[in-house]
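J.: Once you've had a glance at the structure underneath, I'll fire off some questions.
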Amino acid sequence: MAEDVKAHITGVVFQITSKVGDSVAEGDPVIVLESMKMEIPVEAPRAGKVKEIKVAEGQTVQEGDTVAVLD
Amino acid sequence: MLESVLVANRGEIARRIFRACRALGVRTIAVYSEADADWPHAREADEAVLIGPAPARESYLNVDRVLDAARRTGARAIHPGYGFLSENWRFAKACEETGLVFVGPSWRIIQEMGDKVAARRQMLGAGVPIVPGSEGPVASLDEARRVAGEIGYPVMLKAAAGGGGIGMVKVADDGALPQAYAAAERRAQAAFGAAALFVERYLTEPRHVEVQVFGDAQGQVVHLHERECSIQRRHQKLVEESPAPRLSPGLKERLTAAAVTGARSVGYLNAGTMEFIVQGEEFYFLEMNTRLQVEHPVTEEVTGLDVVQAQLKVASGERLPWRQEEIVQRGAAMECRIYAEDPAKNFMPSPGTITRLSTPQGPGIRIESGVAEGCQVSVHYDPLLAKLVATGWTREEAIARMDAVLRAFVVEGPKTTIPFHLRVMASSAFREGRTHTQMVEQGAFNG
């Protein structure tokens, strides 16, 4: 079942550290946000395969926004 | 005196510099990004220039846009504040080349002190103690073992190309070295693309003590005593104070003398800070900050001197207004940095709109705030909202005043570090002056 990966804080997408098709473990960074001069990874809530990346580098995301989807 | 000053910064420090300018009759020029149009610093200067969109690299970090704003407004000088372009030697050089006065040291000093290896070598040559360790990267495990044997365990293996604590490995004894060395090389290669390692003595629970120095164009270099800044998270300071508690007179004497010697050895000009780590009665040079520091108010409060006004005077070619023997500490002062961060969530950023702000007043209280009600605290900049500074005849009085102002200062909207600071003020470790740089990470002030 697909599961959304949600941003836990508001920030700007600094780096996309995974790509569609990658297998990730629980806790692996899927993307990295930059907020107030800090780089903050958004981690996979569980193991799975990256089905979709919904953001682009430089984009602003709000807390709770879906940044990626795991299969 | 300089006719006009453009402040290439934002928030509380821009306002602080404008205040010094006004006191000296200097015309003030602000720059601001689209995100900051309603912020106080953009509204309080004699002139304000929009320099670009919210992301810092397109506005406050953009050398061409800042210089263009200076040209258009006929600015005579640029004060960089802290952060942003303040330690960018190319920016200081560009100011000099366009005939602008850069309020700070020459670009050559910024360049030299910005190169950590060159700065370490310079201070070693001047007789300032540095952390015992290898002079450069070690070539092999055998060399690492030889150096570690000389300086004594525990040691720290550090990526030569690194920074920010990434890739550091602590080694307890000789038996653990081979495995640790291989791991550190792997991490350094992965993080920085270069496996080269330094070996340094590992310091357990050290203190961070720094010395404010000041030089003028006539060659005078003085110190304005020390500040203790051991309460940090992620190598960023949260609480600073002067004098440093429990600093023996002998150690204080050696620290301030080394700071002046080090600054003099590079021909230092304007305000700067020599940072040291202290363990027991030993101290080691950490780095030199070639700019005004966030925590300069605690030094101003205990010395009664205005560091920013002196920066402007020295930048205009005047002599330093004070002689060393006139600079004395009276009482005690401390600063708490109010960040838009959630201390309950490991100091995660907490952006948002300031819905309510109430700044108390009282004896011994000074508040340096960059915000007003309605300000949108954005993700693009440092989360510092305000600095609370409390001064007392004794350290106990300063703590009591800080505790009171932390309770009376109201900022609603983002989460802030206020609850953390209240726990620091209440803790026996802080009250006894027994703090070190690893305390916050160890959870010493958790609720």
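Naming scheme: A, B, ... for chains in displayed order of the structure tokens; residues 1 onward per chain; ligands 1 onward as shown.
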Could you list, as a PyMOL selection string, every residue of chain A that has an atom within 12 Å of an atom of chain B, counting only C-alpha atoms?
T.: chain A and resi 8-14+33-41+58-63
J.: Residues of stretch 65-312 of chain B in helix (DSSP H, G or I) according to DSSP, as a VMD selection string?
T.: chain B and resid 65 to 73 89 to 97 107 to 114 116 to 126 141 to 151 174 to 192 249 to 265 296 to 303 307 to 312
J.: My list of candidates is B:Gly104, B:Pro343, B:Gly374, B:Pro178. Which is closest to B:Gly272 when distances are computed with only C-alpha atoms?
T.: B:Gly104
J.: Of the candidates A:Ala2, A:Ile31, A:Val42, A:Ala47, which shows the shortest atom-to-atom distance to A:Ile16, using only C-alpha atoms?
T.: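 Looking only at the distances to A:Ile16, the closest residue turns out to be A:Ile31.
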J.: Please provide the set of residues having any atom within 8 Å of B:Asn446, restricted to only C-alpha atoms, with same-chain residues fewer than 3 positions apart removed, written as a list in words.
T.: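 The residues satisfying every condition are Phe420, Arg423 and Gly443 of chain B.
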J.: Dump C-alpha atoms for the selected residues as an mmCIF file, in the first residue's frame?
T.:
data_model
loop_
_atom_site.group_PDB
_atom_site.id
_atom_site.type_symbol
_atom_site.label_atom_id
_atom_site.label_comp_id
_atom_site.auth_asym_id
_atom_site.auth_seq_id
_atom_site.Cartn_x
_atom_site.Cartn_y
_atom_site.Cartn_z
ATOM 1 C CA PHE B 420 14.990 26.333 27.478
ATOM 2 C CA ARG B 423 15.601 25.922 32.681
ATOM 3 C CA GLY B 443 20.441 16.784 27.821
#
J.: How many Å separate atom CA of B:Gly114 from atom CA of B:Asn289?
T.: 8.2 Å
J.: Any idea what's packed within 9 Å of B:Arg207, counting only C-alpha atoms, ignoring anything in its chain fewer than 6 positions away? Could you give it as a PyMOL selection string?
T.: chain B and resi 228-231+276-280+435-438
J.: Looking at B:Leu357, B:Met288, B:Ala35, B:Pro40, which one is nearest to B:Gly52, with distances taken over only C-alpha atoms?
T.: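 Using only C-alpha atoms, the shortest distance to B:Gly52 belongs to B:Ala35.
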J.: Between atom CA of A:Pro29 and atom CA of B:Gly413, what is the distance, to one decimal in Å?
T.: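 So the two atoms, atom CA of A:Pro29 and atom CA of B:Gly413, lie 28.8 Å apart.
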J.: Using atom CA of B:Gln293 and atom CA of B:Gln212 as the two end points, give the distance in Å to one decimal.
T.: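 We find that atom CA of B:Gln293 and atom CA of B:Gln212 lie 9.0 Å from each other.
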J.: Could you list, as a VMD selection string, every residue within 6 Å of B:Glu368, counting only C-alpha atoms and ignoring same-chain residues fewer than 6 positions away?
T.: chain B and resid 12 386 to 387
J.: Emit the selected residues as an mmCIF file, in the first residue's frame, including C-alpha atoms.
T.:
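Result file out-v9.cif:
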data_model
loop_
_atom_site.group_PDB
_atom_site.id
_atom_site.type_symbol
_atom_site.label_atom_id
_atom_site.label_comp_id
_atom_site.auth_asym_id
_atom_site.auth_seq_id
_atom_site.Cartn_x
_atom_site.Cartn_y
_atom_site.Cartn_z
ATOM 1 C CA GLU B 12 18.305 42.956 15.222
ATOM 2 C CA ALA B 386 15.832 38.904 19.699
ATOM 3 C CA LYS B 387 18.547 38.956 22.329
#
J.: Measuring atom to atom with only C-alpha atoms, identify which of B:Ala188, B:Val199, B:Met334, B:Val117 is nearest to B:Val155.
T.: B:Val199
J.: List every residue of stretch 303-394 of chain B that DSSP, applied to the backbone, labels as strand (DSSP E or B), and write the result as a PyMOL selection string.
T.: chain B and resi 332-339+341-342+348-349+352-353+356-358+365-369+376-377+384-392
J.: Which residue out of A:Leu70, A:Ala44, A:Val5, A:Val55 has the minimum interatomic distance to A:Gly21 when only C-alpha atoms are used?
T.: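 Looking at the shortest contact to A:Gly21, the residue is A:Leu70.
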J.: Please list as a PyMOL selection string every residue within 9 Å of B:Pro243, counting only C-alpha atoms and excluding residues in the same chain fewer than 6 positions away.
T.: chain B and resi 225-228+298-299+302+329-334+395
J.: Nearest to A:Lys49: which of A:Val24, A:Ala7, A:Met1, A:Val30 is it, counting only C-alpha atoms?
T.: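 With only C-alpha atoms as the atom set, the closest residue is A:Val24.
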J.: Determine, counting only C-alpha atoms, which protein, DNA and RNA residues have an atom within 10 Å of an atom of stretch 97-103 of chain B; residues of the same chain fewer than 4 positions away are not included. Present the result as a tab-separated table (two decimals) with N, CA and C atoms, in the first residue's frame.
T.:
chain	number	residue	atom	x	y	z
B	2	LEU	N	32.34	59.06	9.12
B	2	LEU	CA	31.77	58.64	7.84
B	2	LEU	C	30.45	59.38	7.61
B	5	VAL	N	26.40	55.15	6.10
B	5	VAL	CA	26.73	53.72	6.21
B	5	VAL	C	25.55	52.90	5.69
B	6	LEU	N	25.85	51.98	4.78
B	6	LEU	CA	24.85	51.00	4.35
B	6	LEU	C	25.07	49.74	5.19
B	7	VAL	N	24.00	49.23	5.78
B	7	VAL	CA	24.12	48.01	6.58
B	7	VAL	C	23.66	46.82	5.73
B	67	LEU	N	26.41	45.99	-3.63
B	67	LEU	CA	27.28	47.08	-4.10
B	67	LEU	C	26.51	48.07	-4.97
B	70	ALA	N	24.66	50.38	-2.79
B	70	ALA	CA	25.59	51.37	-2.22
B	70	ALA	C	25.87	52.49	-3.23
B	71	ARG	N	26.06	52.09	-4.47
B	71	ARG	CA	26.32	53.07	-5.54
B	71	ARG	C	25.13	54.02	-5.70
B	74	GLY	N	24.77	56.46	-2.84
B	74	GLY	CA	25.94	57.26	-2.50
B	74	GLY	C	26.52	56.92	-1.14
B	75	ALA	N	26.40	55.64	-0.74
B	75	ALA	CA	26.92	55.23	0.59
B	75	ALA	C	28.43	55.41	0.63
B	76	ARG	N	28.91	55.83	1.79
B	76	ARG	CA	30.35	56.02	1.98
B	76	ARG	C	31.00	54.74	2.52
B	77	ALA	N	30.22	53.97	3.28
B	77	ALA	CA	30.78	52.78	3.94
B	77	ALA	C	29.73	51.68	3.99
B	78	ILE	N	30.21	50.44	4.17
B	78	ILE	CA	29.31	49.30	4.37
B	78	ILE	C	29.67	48.61	5.67
B	79	HIS	N	28.66	48.42	6.52
B	79	HIS	CA	28.83	47.60	7.72
B	79	HIS	C	28.17	46.25	7.43
B	80	PRO	N	28.92	45.15	7.51
B	80	PRO	CA	28.34	43.85	7.13
B	80	PRO	C	27.61	43.14	8.25
B	81	GLY	N	27.69	43.65	9.50
B	81	GLY	CA	27.07	42.92	10.62
B	81	GLY	C	27.78	41.60	10.85
B	86	SER	N	29.75	39.02	5.98
B	86	SER	CA	30.70	39.65	6.91
B	86	SER	C	32.09	39.02	6.89
B	91	PHE	N	34.08	40.00	-0.87
B	91	PHE	CA	33.18	41.15	-0.70
B	91	PHE	C	33.95	42.35	-0.13
B	92	ALA	N	34.75	42.08	0.89
B	92	ALA	CA	35.54	43.17	1.50
B	92	ALA	C	36.49	43.78	0.47
B	93	LYS	N	37.06	42.93	-0.37
B	93	LYS	CA	37.99	43.39	-1.42
B	93	LYS	C	37.24	44.21	-2.46
B	107	TRP	N	40.64	42.90	3.75
B	107	TRP	CA	40.25	41.61	3.17
B	107	TRP	C	41.33	40.55	3.34
B	269	LEU	N	42.75	44.96	12.55
B	269	LEU	CA	42.09	46.26	12.50
B	269	LEU	C	40.60	46.08	12.77
B	270	ASN	N	40.04	46.98	13.58
B	270	ASN	CA	38.62	46.99	13.96
B	270	ASN	C	38.29	45.89	14.97
B	271	ALA	N	36.98	45.59	15.13
B	271	ALA	CA	36.57	44.65	16.18
B	271	ALA	C	36.72	43.21	15.70
B	291	ARG	N	34.89	39.98	12.72
B	291	ARG	CA	33.66	40.76	12.57
B	291	ARG	C	33.08	41.06	13.94
B	292	LEU	N	32.01	41.85	13.94
B	292	LEU	CA	31.23	42.07	15.15
B	292	LEU	C	30.53	40.75	15.49
B	308	VAL	N	30.04	49.20	18.72
B	308	VAL	CA	29.66	49.51	17.33
B	308	VAL	C	30.03	50.95	16.97
B	311	GLN	N	33.57	50.92	16.24
B	311	GLN	CA	33.85	50.36	14.91
B	311	GLN	C	33.77	51.44	13.84
B	312	LEU	N	32.73	52.29	13.96
B	312	LEU	CA	32.52	53.34	12.96
B	312	LEU	C	33.63	54.39	13.05
B	313	LYS	N	34.03	54.71	14.28
B	313	LYS	CA	35.11	55.70	14.46
B	313	LYS	C	36.42	55.17	13.87
B	314	VAL	N	36.74	53.93	14.19
B	314	VAL	CA	38.01	53.36	13.71
B	314	VAL	C	37.97	53.21	12.19
B	315	ALA	N	36.80	52.85	11.64
B	315	ALA	CA	36.68	52.71	10.18
B	315	ALA	C	36.86	54.06	9.49
B	316	SER	N	36.57	55.14	10.19
B	316	SER	CA	36.75	56.46	9.56
B	316	SER	C	38.16	56.99	9.81
